[in-house]
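For reference, the structure is listed below as structure tokens.
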There are 2 protein chains.
Amino acid sequence: MMLLEPLAINSMTIANRVLVPAMVTRLSGEDGFVNRGIIDRYVRYAQGHVGLIVVEAMAIHGSKSGPLLRISDAAYVPGHRELANRVHDAGPSKIVPQVIHFMKVARSGWRQTIDTLAPADIDAIIDQFGAAAGRAREAGYDGVELHSAHAYTLSSFLSRQNKRRDEYDGRTLEGRLRMFGKVMTRVRRMVGADFPIGVRFLAEEAIKDGYGLPDARLIALRMAQMGVDYISLSVGGKFEDAIHRPGQPLYPYTGYSGDRCMPGDWYPPLPHAHLAAGIKEYVNAKGYDVPIVSVGKISDPTEAERLIVEGKADIVGMARQLLADPDWVRKVEEGRPEKVIRCIYCNVCKQLDENFKLVTCFLWPKGAIQAPVEDVAGEGPRWPAGGAKLAAKIEDGVIRLSWRPAEGNAISGYDVYRAEDDGRASVVEAVKGVKFSDRVVLGGLEYTYHVMAYDAAGRHSPPSNSVPVAMPMPDFAPPSAPKATSHA
Amino acid sequence: MMLLEPLAINSMTIANRVLVPAMVTRLSGEDGFVNRGIIDRYVRYAQGHVGLIVVEAMAIHGSKSGPLLRISDAAYVPGHRELANRVHDAGPSKIVPQVIHFMKVARSGWRQTIDTLAPADIDAIIDQFGAAAGRAREAGYDGVELHSAHAYTLSSFLSRQNKRRDEYDGRTLEGRLRMFGKVMTRVRRMVGADFPIGVRFLAEEAIKDGYGLPDARLIALRMAQMGVDYISLSVGGKFEDAIHRPGQPLYPYTGYSGDRCMPGDWYPPLPHAHLAAGIKEYVNAKGYDVPIVSVGKISDPTEAERLIVEGKADIVGMARQLLADPDWVRKVEEGRPEKVIRCIYCNVCKQLDENFKLVTCFLWPKGAIQAPVEDVAGEGPRWPAGGAKLAAKIEDGVIRLSWRPAEGNAISGYDVYRAEDDGRASVVEAVKGVKFSDRVVLGGLEYTYHVMAYDAAGRHSPPSNSVPVAMPMPDFAPPSAPKATSHA
């Protein structure tokens, strides 16, 4: 598989084309130091052979915030060095920190915007990025990623909503790019030519009067011109459409752009792959081969491989999927992709973050704060004598399923599989209990369900019995739905 | 060209695969009757050989509103009959009215939602749709289109934001589909099996927790099951993210979903074509061949043809492009596609609508309330002796162009063409004066500009001189931008 082939990124070679993007964990304390929980989280990805691990955003400045990693002072370096060492000891993964500058937000809903920054403030931010990148190198990280996405400072300069009217003028593309250019220049000077510098930025702002692919292609080209070593794309996650909850600081993933940033189960798979493809095609055509990272509801190994083979991306980024199962790469390497615990995009992780709680995965065993380690040796869940007795009934447009509890140690939950008509079965939901109501089903179609239990070690039971359900047409419809007559 | 081949839609055969979707005109009075301005607007599309003309949304009920066509009473039928006759007399076009039910909105920002409708209210709406469709047939229209898109009543039932908890339950797909099913059943009963019934609905709501392609495929399938004769897609245009302007009723195209409904010049061409393609593929696979209309920033005849040839759509819908130039089809038929006045997606038409003004096109001659009629015989604009003297200067990330005024009768404006590096020149802007500032340009690229003047009859001057402009890299960047080293 091309997905499992190595890729050189400046002086660093990653073992495969899989990247885990920066994800908030809320595992760190307010002190900003690397702690045990943080190390465990990232070592787990290394055990799973993730090619490139991007550590959650860490502040380059001293601005107040809740629990958040920091790299704003030399005092933080030893913790980062331990994290980098521990990850390197655990496997072939490379590890880079994502460094962030953000503006102030208040519980009143007020937020500082970049047009209030004086020239000296801007110079200070450029200094802070440079110094942070220097510390990243000193700590033994394999590179550094500049956070230029979502609702944060560098992204706000790139935005079509940038209200500055000086040399960083939001009305011109070059004005919007100027801050990134200065930061990149400084960071390169601090870390040297051979140290990989990646960037994350938005392929689409997904807000009113925000930018989309046409601007994103040019922004990516400038990043390539400036010698950026990889470009990781995201979408949305802006303050402009965030919903203010009284007494809480504004959180940039609460509006529609937040939906688009972490598309939930009602989105199609790979809703953003065309953006990476469009950017890659453009940048390559201009003679640059900077690797492009595609992201957004990628979880199927076949689909991930196809992105690489078809030249739509150089690297596949998976956040929620690798949170759910950090062993994704290892299982694919070992030829057992069917053992991957597939993310169901329930966004419980997103809700935990939104509520300022420790970010875990709904699919993990109850109470776990890290992904369980697979136990391939032990015996997995099994159905009781007489089988799962999966049964279905139809009620007001809902298919209600129920089944018997599986037996075994530490049953964590059940994957519900559904096939539509003659289609392929895939997971529609994972539940903790022994029932499930499917509400997005259409009369006139036949659905076939089965369930599989899984335990804390990620082992699955055999499939339950299969249950076919023919959804009836509603009462007002013709008794048998007519196939269309020929129109052409 | 497949685009120019006829297509049977139930008993109606359209002469080509081009449709003009319903567009607000604000040409009608508050009385709701068809008037001279309305007739002129739609006859103009017929003169241009548009295959299927969809008349702007007309109310099926008596609810108060500003200027809006109505079909809520027999008294309106004679006006509609005249409109249908006049269009039929003018050319081969078919014409259908879009019939709409909407809920109340107030200047305070309050709006009525569908969960407040009592069973009797729902029955009344179903009656009103049936009666309106009957009147459409009586008036001599070729079919009827049910408005089930944007912020209006039928769309609100289909929405994931439907808050009803009865048989129209917003939590189940069948609940969300029930109202449409009842309306469709009634309308079919009123108009008979042979009268074409089209529907417009949203392929993507483009709001927080709104639906996208996965639900849209199932909604379209239900429409096919119910015997809908064509499906016209749109995106967004919802109240949920609308911006309330004090003293104005809420207008559903003011938020991000409004941007997506009428994507402006900063969007890529065809941003929504994948949605029609995804829906068509799914519905066809289920054995239905109901024609699917793709819409959204389509203006290039080659791209339009490709949508049909590649099976991504059956019909191409163009609203703003056909407003700009109703003769698009005729010019393509006559083998002179380069004479099409290309929409620049400046959205002046959208702003006029937003401000409750008469909707015209910025590209039309000043003061015109209908698209000008092409005069192929007369002489077009010409450059003065010595030529256009197009010149460019670069200033703070902006390329500023200026040129000499063209000569001739009734010069309407100038198309500014730009090519990037070795790429093809295309229109980036149309302006009324003799200067233009291009603000979305990137250092390191070479741009080549030329301009062409056009007059009130749509005739163009020869191209001006071409001006190449090499945009410099900003001062902080390396003196010559490095092409990337090999990464692989």
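We label chains A, B, ... in the order they appear in the structure tokens, count residues from 1 in each chain, and number ligands from 1 in the order shown.
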Item to complete: Could you please tell me, as a ChimeraX atom specification, which residues of chain A have an atom within 7 Å of chain B when using only C-alpha atoms?
Response: /A:7-10,171-175,182,207-208,211-214,218,225-226,255-256,259,266-268,287-290,397-398,439-442,476-477,481-484,487-488
Applying 10 Å and only C-alpha atoms, which residues near A:Tyr454 remain after dropping the ones on its own chain fewer than 5 positions away? List them as a PDB file with all heavy atoms, in the first residue's frame.
ATOM      1  N   ILE A 341     -11.137  -0.387  15.274  1.00  0.00           N
ATOM      2  CA  ILE A 341     -12.348   0.127  15.924  1.00  0.00           C
ATOM      3  C   ILE A 341     -12.713   1.397  15.172  1.00  0.00           C
ATOM      4  O   ILE A 341     -11.985   2.393  15.219  1.00  0.00           O
ATOM      5  CB  ILE A 341     -12.093   0.472  17.414  1.00  0.00           C
ATOM      6  CG1 ILE A 341     -11.395  -0.674  18.145  1.00  0.00           C
ATOM      7  CG2 ILE A 341     -13.395   0.900  18.084  1.00  0.00           C
ATOM      8  CD1 ILE A 341     -12.231  -1.870  18.398  1.00  0.00           C
ATOM      9  N   LEU A 363     -16.078   5.246  22.535  1.00  0.00           N
ATOM     10  CA  LEU A 363     -15.913   3.823  22.241  1.00  0.00           C
ATOM     11  C   LEU A 363     -14.969   3.120  23.210  1.00  0.00           C
ATOM     12  O   LEU A 363     -14.890   1.900  23.224  1.00  0.00           O
ATOM     13  CB  LEU A 363     -15.406   3.631  20.803  1.00  0.00           C
ATOM     14  CG  LEU A 363     -16.309   4.189  19.712  1.00  0.00           C
ATOM     15  CD1 LEU A 363     -15.662   4.009  18.346  1.00  0.00           C
ATOM     16  CD2 LEU A 363     -17.672   3.515  19.744  1.00  0.00           C
ATOM     17  N   PRO A 365     -13.551   1.774  26.879  1.00  0.00           N
ATOM     18  CA  PRO A 365     -14.267   1.238  28.041  1.00  0.00           C
ATOM     19  C   PRO A 365     -14.635   2.372  28.999  1.00  0.00           C
ATOM     20  O   PRO A 365     -13.918   3.366  29.097  1.00  0.00           O
ATOM     21  CB  PRO A 365     -13.242   0.299  28.691  1.00  0.00           C
ATOM     22  CG  PRO A 365     -12.268  -0.020  27.607  1.00  0.00           C
ATOM     23  CD  PRO A 365     -12.234   1.159  26.689  1.00  0.00           C
ATOM     24  N   GLY A 380     -12.356 -13.214  23.241  1.00  0.00           N
ATOM     25  CA  GLY A 380     -13.254 -12.065  23.098  1.00  0.00           C
ATOM     26  C   GLY A 380     -14.663 -12.364  23.556  1.00  0.00           C
ATOM     27  O   GLY A 380     -14.950 -13.455  24.044  1.00  0.00           O
ATOM     28  N   PRO A 381     -15.541 -11.392  23.381  1.00  0.00           N
ATOM     29  CA  PRO A 381     -16.942 -11.588  23.789  1.00  0.00           C
ATOM     30  C   PRO A 381     -17.610 -12.690  22.973  1.00  0.00           C
ATOM     31  O   PRO A 381     -17.210 -12.954  21.838  1.00  0.00           O
ATOM     32  CB  PRO A 381     -17.592 -10.233  23.462  1.00  0.00           C
ATOM     33  CG  PRO A 381     -16.481  -9.276  23.241  1.00  0.00           C
ATOM     34  CD  PRO A 381     -15.297 -10.064  22.805  1.00  0.00           C
ATOM     35  N   ARG A 382     -18.595 -13.313  23.544  1.00  0.00           N
ATOM     36  CA  ARG A 382     -19.343 -14.356  22.833  1.00  0.00           C
ATOM     37  C   ARG A 382     -20.828 -14.170  23.142  1.00  0.00           C
ATOM     38  O   ARG A 382     -21.205 -13.533  24.136  1.00  0.00           O
ATOM     39  CB  ARG A 382     -18.864 -15.740  23.255  1.00  0.00           C
ATOM     40  CG  ARG A 382     -19.039 -16.009  24.725  1.00  0.00           C
ATOM     41  CD  ARG A 382     -18.285 -17.229  25.233  1.00  0.00           C
ATOM     42  NE  ARG A 382     -18.478 -17.297  26.684  1.00  0.00           N
ATOM     43  CZ  ARG A 382     -17.742 -16.616  27.567  1.00  0.00           C
ATOM     44  NH1 ARG A 382     -16.718 -15.895  27.166  1.00  0.00           N
ATOM     45  NH2 ARG A 382     -18.021 -16.672  28.862  1.00  0.00           N
ATOM     46  N   ALA A 406     -24.016  -9.772  25.410  1.00  0.00           N
ATOM     47  CA  ALA A 406     -22.935 -10.718  25.147  1.00  0.00           C
ATOM     48  C   ALA A 406     -22.281 -11.121  26.459  1.00  0.00           C
ATOM     49  O   ALA A 406     -22.446 -10.447  27.484  1.00  0.00           O
ATOM     50  CB  ALA A 406     -21.916 -10.086  24.212  1.00  0.00           C
ATOM     51  N   GLY A 408     -18.629 -12.392  28.494  1.00  0.00           N
ATOM     52  CA  GLY A 408     -17.177 -12.254  28.417  1.00  0.00           C
ATOM     53  C   GLY A 408     -16.706 -11.182  29.389  1.00  0.00           C
ATOM     54  O   GLY A 408     -17.515 -10.588  30.108  1.00  0.00           O
ATOM     55  N   ASN A 409     -15.400 -10.932  29.393  1.00  0.00           N
ATOM     56  CA  ASN A 409     -14.841  -9.945  30.317  1.00  0.00           C
ATOM     57  C   ASN A 409     -14.962  -8.536  29.760  1.00  0.00           C
ATOM     58  O   ASN A 409     -14.641  -8.294  28.603  1.00  0.00           O
ATOM     59  CB  ASN A 409     -13.355 -10.230  30.564  1.00  0.00           C
ATOM     60  CG  ASN A 409     -13.185 -11.464  31.426  1.00  0.00           C
ATOM     61  OD1 ASN A 409     -13.969 -11.697  32.348  1.00  0.00           O
ATOM     62  ND2 ASN A 409     -12.181 -12.267  31.084  1.00  0.00           N
ATOM     63  N   ALA A 410     -15.390  -7.625  30.594  1.00  0.00           N
ATOM     64  CA  ALA A 410     -15.363  -6.199  30.277  1.00  0.00           C
ATOM     65  C   ALA A 410     -15.956  -5.887  28.906  1.00  0.00           C
ATOM     66  O   ALA A 410     -15.310  -5.296  28.039  1.00  0.00           O
ATOM     67  CB  ALA A 410     -13.926  -5.673  30.361  1.00  0.00           C
ATOM     68  N   ILE A 411     -17.199  -6.279  28.704  1.00  0.00           N
ATOM     69  CA  ILE A 411     -17.902  -5.907  27.468  1.00  0.00           C
ATOM     70  C   ILE A 411     -18.031  -4.379  27.439  1.00  0.00           C
ATOM     71  O   ILE A 411     -18.543  -3.783  28.387  1.00  0.00           O
ATOM     72  CB  ILE A 411     -19.320  -6.535  27.425  1.00  0.00           C
ATOM     73  CG1 ILE A 411     -19.272  -8.055  27.576  1.00  0.00           C
ATOM     74  CG2 ILE A 411     -20.067  -6.110  26.156  1.00  0.00           C
ATOM     75  CD1 ILE A 411     -18.616  -8.792  26.449  1.00  0.00           C
ATOM     76  N   SER A 412     -17.548  -3.774  26.380  1.00  0.00           N
ATOM     77  CA  SER A 412     -17.586  -2.301  26.310  1.00  0.00           C
ATOM     78  C   SER A 412     -18.799  -1.780  25.577  1.00  0.00           C
ATOM     79  O   SER A 412     -19.270  -0.683  25.844  1.00  0.00           O
ATOM     80  CB  SER A 412     -16.362  -1.756  25.569  1.00  0.00           C
ATOM     81  OG  SER A 412     -15.193  -2.073  26.227  1.00  0.00           O
ATOM     82  N   GLY A 413     -19.241  -2.528  24.571  1.00  0.00           N
ATOM     83  CA  GLY A 413     -20.365  -2.026  23.790  1.00  0.00           C
ATOM     84  C   GLY A 413     -20.635  -2.910  22.597  1.00  0.00           C
ATOM     85  O   GLY A 413     -20.098  -4.023  22.485  1.00  0.00           O
ATOM     86  N   TYR A 414     -21.474  -2.377  21.719  1.00  0.00           N
ATOM     87  CA  TYR A 414     -21.926  -3.142  20.557  1.00  0.00           C
ATOM     88  C   TYR A 414     -21.872  -2.265  19.315  1.00  0.00           C
ATOM     89  O   TYR A 414     -22.343  -1.122  19.337  1.00  0.00           O
ATOM     90  CB  TYR A 414     -23.366  -3.620  20.769  1.00  0.00           C
ATOM     91  CG  TYR A 414     -23.528  -4.499  21.986  1.00  0.00           C
ATOM     92  CD1 TYR A 414     -23.741  -3.925  23.241  1.00  0.00           C
ATOM     93  CD2 TYR A 414     -23.438  -5.886  21.882  1.00  0.00           C
ATOM     94  CE1 TYR A 414     -23.863  -4.719  24.381  1.00  0.00           C
ATOM     95  CE2 TYR A 414     -23.567  -6.690  23.013  1.00  0.00           C
ATOM     96  CZ  TYR A 414     -23.774  -6.102  24.261  1.00  0.00           C
ATOM     97  OH  TYR A 414     -23.899  -6.887  25.383  1.00  0.00           O
ATOM     98  N   ASP A 415     -21.304  -2.781  18.251  1.00  0.00           N
ATOM     99  CA  ASP A 415     -21.364  -2.112  16.956  1.00  0.00           C
ATOM    100  C   ASP A 415     -22.620  -2.596  16.234  1.00  0.00           C
ATOM    101  O   ASP A 415     -22.838  -3.809  16.115  1.00  0.00           O
ATOM    102  CB  ASP A 415     -20.143  -2.472  16.091  1.00  0.00           C
ATOM    103  CG  ASP A 415     -18.896  -1.696  16.503  1.00  0.00           C
ATOM    104  OD1 ASP A 415     -19.033  -0.596  17.081  1.00  0.00           O
ATOM    105  OD2 ASP A 415     -17.788  -2.205  16.234  1.00  0.00           O
ATOM    106  N   ALA A 430     -22.575   2.790  17.456  1.00  0.00           N
ATOM    107  CA  ALA A 430     -22.034   1.952  18.526  1.00  0.00           C
ATOM    108  C   ALA A 430     -22.773   2.360  19.785  1.00  0.00           C
ATOM    109  O   ALA A 430     -22.971   3.557  20.021  1.00  0.00           O
ATOM    110  CB  ALA A 430     -20.539   2.176  18.688  1.00  0.00           C
ATOM    111  N   LYS A 432     -23.773   1.393  24.102  1.00  0.00           N
ATOM    112  CA  LYS A 432     -23.328   0.712  25.318  1.00  0.00           C
ATOM    113  C   LYS A 432     -24.344  -0.345  25.749  1.00  0.00           C
ATOM    114  O   LYS A 432     -23.976  -1.340  26.357  1.00  0.00           O
ATOM    115  CB  LYS A 432     -23.140   1.725  26.455  1.00  0.00           C
ATOM    116  CG  LYS A 432     -22.114   2.824  26.171  1.00  0.00           C
ATOM    117  CD  LYS A 432     -20.684   2.306  26.198  1.00  0.00           C
ATOM    118  CE  LYS A 432     -19.678   3.429  25.993  1.00  0.00           C
ATOM    119  NZ  LYS A 432     -18.323   2.931  25.670  1.00  0.00           N
ATOM    120  N   ARG A 459     -11.582  -6.559  21.301  1.00  0.00           N
ATOM    121  CA  ARG A 459     -11.925  -7.823  20.634  1.00  0.00           C
ATOM    122  C   ARG A 459     -13.406  -7.863  20.343  1.00  0.00           C
ATOM    123  O   ARG A 459     -14.211  -7.410  21.154  1.00  0.00           O
ATOM    124  CB  ARG A 459     -11.533  -9.014  21.514  1.00  0.00           C
ATOM    125  CG  ARG A 459     -10.035  -9.185  21.623  1.00  0.00           C
ATOM    126  CD  ARG A 459      -9.695 -10.232  22.649  1.00  0.00           C
ATOM    127  NE  ARG A 459     -10.260  -9.880  23.938  1.00  0.00           N
ATOM    128  CZ  ARG A 459      -9.664 -10.101  25.104  1.00  0.00           C
ATOM    129  NH1 ARG A 459      -8.485 -10.698  25.144  1.00  0.00           N
ATOM    130  NH2 ARG A 459     -10.236  -9.749  26.226  1.00  0.00           N
ATOM    131  N   HIS A 460     -13.753  -8.415  19.203  1.00  0.00           N
ATOM    132  CA  HIS A 460     -15.153  -8.478  18.806  1.00  0.00           C
ATOM    133  C   HIS A 460     -15.706  -9.892  18.935  1.00  0.00           C
ATOM    134  O   HIS A 460     -14.990 -10.862  18.753  1.00  0.00           O
ATOM    135  CB  HIS A 460     -15.324  -8.002  17.369  1.00  0.00           C
ATOM    136  CG  HIS A 460     -15.373  -6.509  17.265  1.00  0.00           C
ATOM    137  ND1 HIS A 460     -14.232  -5.735  17.223  1.00  0.00           N
ATOM    138  CD2 HIS A 460     -16.418  -5.646  17.214  1.00  0.00           C
ATOM    139  CE1 HIS A 460     -14.576  -4.457  17.138  1.00  0.00           C
ATOM    140  NE2 HIS A 460     -15.883  -4.369  17.138  1.00  0.00           N
ATOM    141  N   SER A 461     -16.991  -9.965  19.193  1.00  0.00           N
ATOM    142  CA  SER A 461     -17.714 -11.245  19.147  1.00  0.00           C
ATOM    143  C   SER A 461     -17.960 -11.605  17.697  1.00  0.00           C
ATOM    144  O   SER A 461     -17.798 -10.770  16.802  1.00  0.00           O
ATOM    145  CB  SER A 461     -19.062 -11.082  19.850  1.00  0.00           C
ATOM    146  OG  SER A 461     -19.924 -10.302  19.031  1.00  0.00           O
ATOM    147  N   PRO A 462     -18.369 -12.838  17.426  1.00  0.00           N
ATOM    148  CA  PRO A 462     -18.882 -13.140  16.084  1.00  0.00           C
ATOM    149  C   PRO A 462     -20.124 -12.283  15.828  1.00  0.00           C
ATOM    150  O   PRO A 462     -20.742 -11.778  16.767  1.00  0.00           O
ATOM    151  CB  PRO A 462     -19.255 -14.626  16.165  1.00  0.00           C
ATOM    152  CG  PRO A 462     -18.633 -15.148  17.415  1.00  0.00           C
ATOM    153  CD  PRO A 462     -18.456 -13.994  18.339  1.00  0.00           C
TER     154      PRO A 462
END
Worksheet item: Excluding same-chain residues fewer than 5 positions from stretch 331-335 of chain A, what lies within 8 Å of it counting only C-alpha atoms, as a list in words?
Response: Leu4, Pro301 and Val340 of chain A
Practice prompt. From stretch 13-94 of chain A, collect each residue whose DSSP state is strand (DSSP E) and return the set as a list in words.
Written response: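 Restricting stretch 13-94 of chain A to strand (DSSP E) produces Thr13, Ile14, Val18, Leu19, Val20, Leu52, Ile53, Val54, Val55, Glu56, Ala57, Met58, Ala59 and Lys94 of chain A.
In this model, the gap between atom CA of A:Ala139 and atom CA of A:Arg81 comes to 4.3 Å.
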Practice prompt. Just the alpha helix (DSSP H) stuff from stretch 59-261 of chain A, please, per backbone DSSP, written as a PyMOL selection string.
Written response: chain A and resi 77-90+119-138+153-158+173-191+213-225+256-261
Discussion item. List as a ChimeraX atom specification the protein and nucleic acid residues near B:Ser108, meaning an atom at most 12 Å away when only C-alpha atoms are counted, but skip any in the same chain fewer than 4 places from it.
Written reply: /B:104,112,244-250
Discussion item. Counting only C-alpha atoms, which residue out of A:Ile100, A:Met190, A:Ile122, A:Met223 sits closest to A:Leu146?
Written reply: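 Of all the options, A:Ile100 lies closest to A:Leu146.
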Discussion item. Quick one: residues within 7 Å of A:Ala133, only C-alpha atoms, excluding same-chain residues fewer than 4 positions away - as a PyMOL selection string?
Written reply: chain A and resi 129+137+144+187+191
Write a file of the just-selected residues containing all heavy atoms, as a PDB file, in the first residue's frame.
ATOM      1  N   PHE A 129       6.762  33.258  18.290  1.00  0.00           N
ATOM      2  CA  PHE A 129       6.754  32.091  17.395  1.00  0.00           C
ATOM      3  C   PHE A 129       8.179  31.593  17.173  1.00  0.00           C
ATOM      4  O   PHE A 129       8.450  30.387  17.233  1.00  0.00           O
ATOM      5  CB  PHE A 129       6.081  32.417  16.054  1.00  0.00           C
ATOM      6  CG  PHE A 129       4.615  32.092  16.022  1.00  0.00           C
ATOM      7  CD1 PHE A 129       3.659  33.104  16.005  1.00  0.00           C
ATOM      8  CD2 PHE A 129       4.177  30.771  16.009  1.00  0.00           C
ATOM      9  CE1 PHE A 129       2.295  32.804  15.982  1.00  0.00           C
ATOM     10  CE2 PHE A 129       2.812  30.465  15.984  1.00  0.00           C
ATOM     11  CZ  PHE A 129       1.870  31.488  15.975  1.00  0.00           C
ATOM     12  N   ARG A 137      12.835  22.632  18.801  1.00  0.00           N
ATOM     13  CA  ARG A 137      14.036  21.946  18.303  1.00  0.00           C
ATOM     14  C   ARG A 137      14.902  21.487  19.474  1.00  0.00           C
ATOM     15  O   ARG A 137      15.396  20.357  19.508  1.00  0.00           O
ATOM     16  CB  ARG A 137      14.812  22.882  17.367  1.00  0.00           C
ATOM     17  CG  ARG A 137      16.115  22.275  16.910  1.00  0.00           C
ATOM     18  CD  ARG A 137      16.644  22.833  15.615  1.00  0.00           C
ATOM     19  NE  ARG A 137      17.557  21.840  15.074  1.00  0.00           N
ATOM     20  CZ  ARG A 137      17.969  21.764  13.829  1.00  0.00           C
ATOM     21  NH1 ARG A 137      17.566  22.641  12.938  1.00  0.00           N
ATOM     22  NH2 ARG A 137      18.790  20.806  13.445  1.00  0.00           N
ATOM     23  N   VAL A 144       8.247  21.263  13.752  1.00  0.00           N
ATOM     24  CA  VAL A 144       7.294  22.114  14.456  1.00  0.00           C
ATOM     25  C   VAL A 144       6.153  22.436  13.483  1.00  0.00           C
ATOM     26  O   VAL A 144       6.368  22.517  12.277  1.00  0.00           O
ATOM     27  CB  VAL A 144       7.988  23.397  14.982  1.00  0.00           C
ATOM     28  CG1 VAL A 144       8.483  24.287  13.828  1.00  0.00           C
ATOM     29  CG2 VAL A 144       7.070  24.208  15.900  1.00  0.00           C
ATOM     30  N   VAL A 187      10.779  31.937  12.005  1.00  0.00           N
ATOM     31  CA  VAL A 187      10.885  30.565  12.506  1.00  0.00           C
ATOM     32  C   VAL A 187      11.991  29.824  11.754  1.00  0.00           C
ATOM     33  O   VAL A 187      12.818  29.129  12.353  1.00  0.00           O
ATOM     34  CB  VAL A 187       9.522  29.831  12.389  1.00  0.00           C
ATOM     35  CG1 VAL A 187       9.674  28.326  12.602  1.00  0.00           C
ATOM     36  CG2 VAL A 187       8.534  30.409  13.397  1.00  0.00           C
ATOM     37  N   VAL A 191      15.260  27.972  13.467  1.00  0.00           N
ATOM     38  CA  VAL A 191      15.426  26.507  13.549  1.00  0.00           C
ATOM     39  C   VAL A 191      16.398  25.965  12.498  1.00  0.00           C
ATOM     40  O   VAL A 191      16.820  24.810  12.585  1.00  0.00           O
ATOM     41  CB  VAL A 191      14.073  25.759  13.412  1.00  0.00           C
ATOM     42  CG1 VAL A 191      13.140  26.146  14.550  1.00  0.00           C
ATOM     43  CG2 VAL A 191      13.427  26.004  12.054  1.00  0.00           C
TER      44      VAL A 191
END
Discussion item. Could you tell me how far atom CA of B:Ile344 sits from atom CA of A:Ala285, in Å to one decimal place?
Written reply: 25.5 Å
Worksheet item: Suppose you want the space between atom CA of B:Asn465 and atom CA of B:Ala324; what is it in Å?
Response: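 Atom CA of B:Ala324 lies 26.2 Å from atom CA of B:Asn465.
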